[in-house]
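Undergrad: The following block contains the structure, expressed as structure tokens.
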Amino acid sequence: MSESCNGNCASCGSDCGERKAESLLAELNPLSKVKNVIAVVSGKGGVGKSTVTSQLAVAMARKGFKVGILDADITGPSIPKAFSVNECAGADKDGLYPAVTREGIKVMSINLLLDNDTDPVLWRGPVIAGAVKQFWTDVVWEEVDYLFVDMPPGTGDVPLTVFQSLPVDGVVVVTSPQALVSMIVTKAVKMANMMKIPVLGLVENYSYLQCPDCGKKLSVFGESKIDEIAKEYGIPVLAKLPIDPKVAAAFDSGDVESLDTSALQGAVDAVSAR
């Protein structure tokens, strides 16, 4: 900093070489303390991103951490159903209080605020992005060790808002084996790199189906390309999850906290290392 600089960037011109970039980070609710923010992203829908988010949260809670899930998928929220929660814990002058699951995981989702969980959210992009931001600023999370953000697919308004407004510490990218998905995953990885947010690794969902009779692994969606993508970008493959009817049944019944999450151990280790 030069001797003539007073440190007040608002008083200098846009051509000032010492002008600091304005932070776009939103203020966390003053009654909240969130230590780590992990975004779970995918390049497209239908790859099981919410499945991975939910199981990661369950696994981290079992390790003794205080865990929360911010459901940023405003138009397609599925986290409340996975945990069988239906409404927020309340609201007062300090803000909204998230729902709390059977095992103590805090959840905030637009579906907790609707009269009917099947009501569509007919909002344009900026309004949706603003709602996600309010889940950070207006929700009383209290103390959370790991807040998982279940992102909508793609690289549009909401992912950009989350990456700019929340102090995201790392990204877990979820994919499935199809070649098309691999191309779109590359877009998600590149977006994280452009936003200078570390990619903790890749999780491949629907990786294979294991025959219940002979135990053979069947590549239902074709041969995986995930190892090639991981090598190209120098990031690890954290897990390859099978197609498992038990997982679908647990989500449908709101009993995700009963699932065995050992297949996600690599992702749990990566998140815990943050």
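All residue names refer to the structure tokens as shown: chains lettered A, B, ... in order, residues numbered from 1 in each chain, ligands numbered from 1 in order.
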For the structure I just gave you, how does DSSP split segment 7-247 of chain A - specifically, which residues are strand (DSSP E)? Reply as a ChimeraX atom specification.
TA: /A:33-41,67-71,90-92,95-97,99-100,106-108,143-150,170-175,199-204,209-210,217-218,237-240
Undergrad: Please, could you write that set of residues out with C-alpha atoms as an mmCIF file, in the first residue's frame?
TA:
data_model
loop_
_atom_site.group_PDB
_atom_site.id
_atom_site.type_symbol
_atom_site.label_atom_id
_atom_site.label_comp_id
_atom_site.auth_asym_id
_atom_site.auth_seq_id
_atom_site.Cartn_x
_atom_site.Cartn_y
_atom_site.Cartn_z
ATOM 1 C CA LYS A 33 -21.780 -19.963 13.679
ATOM 2 C CA VAL A 34 -21.010 -22.154 10.670
ATOM 3 C CA LYS A 35 -17.463 -23.513 10.553
ATOM 4 C CA ASN A 36 -17.429 -25.231 7.143
ATOM 5 C CA VAL A 37 -19.625 -24.892 4.040
ATOM 6 C CA ILE A 38 -19.536 -27.759 1.522
ATOM 7 C CA ALA A 39 -21.452 -27.452 -1.758
ATOM 8 C CA VAL A 40 -22.674 -30.624 -3.454
ATOM 9 C CA VAL A 41 -23.057 -29.918 -7.159
ATOM 10 C CA VAL A 67 -24.478 -30.859 10.728
ATOM 11 C CA GLY A 68 -26.911 -28.830 8.657
ATOM 12 C CA ILE A 69 -28.308 -28.998 5.121
ATOM 13 C CA LEU A 70 -29.248 -25.889 3.146
ATOM 14 C CA ASP A 71 -31.505 -27.073 0.330
ATOM 15 C CA GLY A 90 -40.367 -21.757 14.268
ATOM 16 C CA ALA A 91 -39.616 -18.094 13.670
ATOM 17 C CA ASP A 92 -39.156 -14.954 15.742
ATOM 18 C CA GLY A 95 -35.080 -15.249 12.073
ATOM 19 C CA LEU A 96 -36.255 -18.677 10.940
ATOM 20 C CA TYR A 97 -35.292 -21.812 12.829
ATOM 21 C CA ALA A 99 -36.240 -28.207 11.050
ATOM 22 C CA VAL A 100 -34.312 -30.784 13.063
ATOM 23 C CA LYS A 106 -30.699 -29.173 10.826
ATOM 24 C CA VAL A 107 -32.555 -28.683 7.537
ATOM 25 C CA MET A 108 -33.738 -25.570 5.717
ATOM 26 C CA GLU A 143 -23.650 -23.765 15.831
ATOM 27 C CA VAL A 144 -22.896 -25.994 12.834
ATOM 28 C CA ASP A 145 -19.615 -27.747 12.074
ATOM 29 C CA TYR A 146 -20.518 -28.688 8.501
ATOM 30 C CA LEU A 147 -23.253 -27.073 6.427
ATOM 31 C CA PHE A 148 -23.941 -28.999 3.221
ATOM 32 C CA VAL A 149 -25.524 -27.011 0.398
ATOM 33 C CA ASP A 150 -27.615 -29.198 -1.903
ATOM 34 C CA GLY A 170 -15.076 -27.032 -0.941
ATOM 35 C CA VAL A 171 -17.162 -28.695 -3.627
ATOM 36 C CA VAL A 172 -18.157 -32.324 -4.085
ATOM 37 C CA VAL A 173 -19.207 -33.063 -7.669
ATOM 38 C CA VAL A 174 -21.766 -35.832 -8.251
ATOM 39 C CA THR A 175 -22.015 -37.624 -11.568
ATOM 40 C CA VAL A 199 -12.997 -29.366 -5.707
ATOM 41 C CA LEU A 200 -12.705 -32.024 -3.009
ATOM 42 C CA GLY A 201 -13.436 -34.799 -5.459
ATOM 43 C CA LEU A 202 -15.963 -36.691 -7.560
ATOM 44 C CA VAL A 203 -18.689 -39.092 -6.496
ATOM 45 C CA GLU A 204 -20.125 -41.369 -9.160
ATOM 46 C CA LEU A 209 -25.699 -52.840 -10.251
ATOM 47 C CA GLN A 210 -24.531 -55.837 -8.282
ATOM 48 C CA LYS A 217 -21.151 -55.901 -11.135
ATOM 49 C CA LEU A 218 -23.191 -54.802 -14.138
ATOM 50 C CA VAL A 237 -12.609 -40.085 -7.102
ATOM 51 C CA LEU A 238 -14.155 -40.206 -3.644
ATOM 52 C CA ALA A 239 -16.735 -42.936 -4.181
ATOM 53 C CA LYS A 240 -18.476 -45.105 -6.757
#
Undergrad: Quick one: pull the distance between atom CA of Thr186 of chain A and atom CA of Pro77 of chain A, Å, one decimal.
TA: 24.2 Å
Undergrad: Using only C-alpha atoms, which residue out of A:Leu112, A:Val189, A:Ala131, A:Ala59 lies closest to Ile235 of chain A?
TA: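 Smallest separation from Ile235 of chain A among the options: A:Val189.
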Undergrad: Could you please determine the separation between atom CA of Ile229 of chain A and atom CA of Gly76 of chain A in Å, to one decimal place?
TA: 27.6 Å
Undergrad: Taking only C-alpha atoms into account, which of A:Asn205, A:Asp213, A:Ser253, A:Asn116 comes nearest Gly46 of chain A?
TA: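 Nearest to Gly46 of chain A: A:Asn205.
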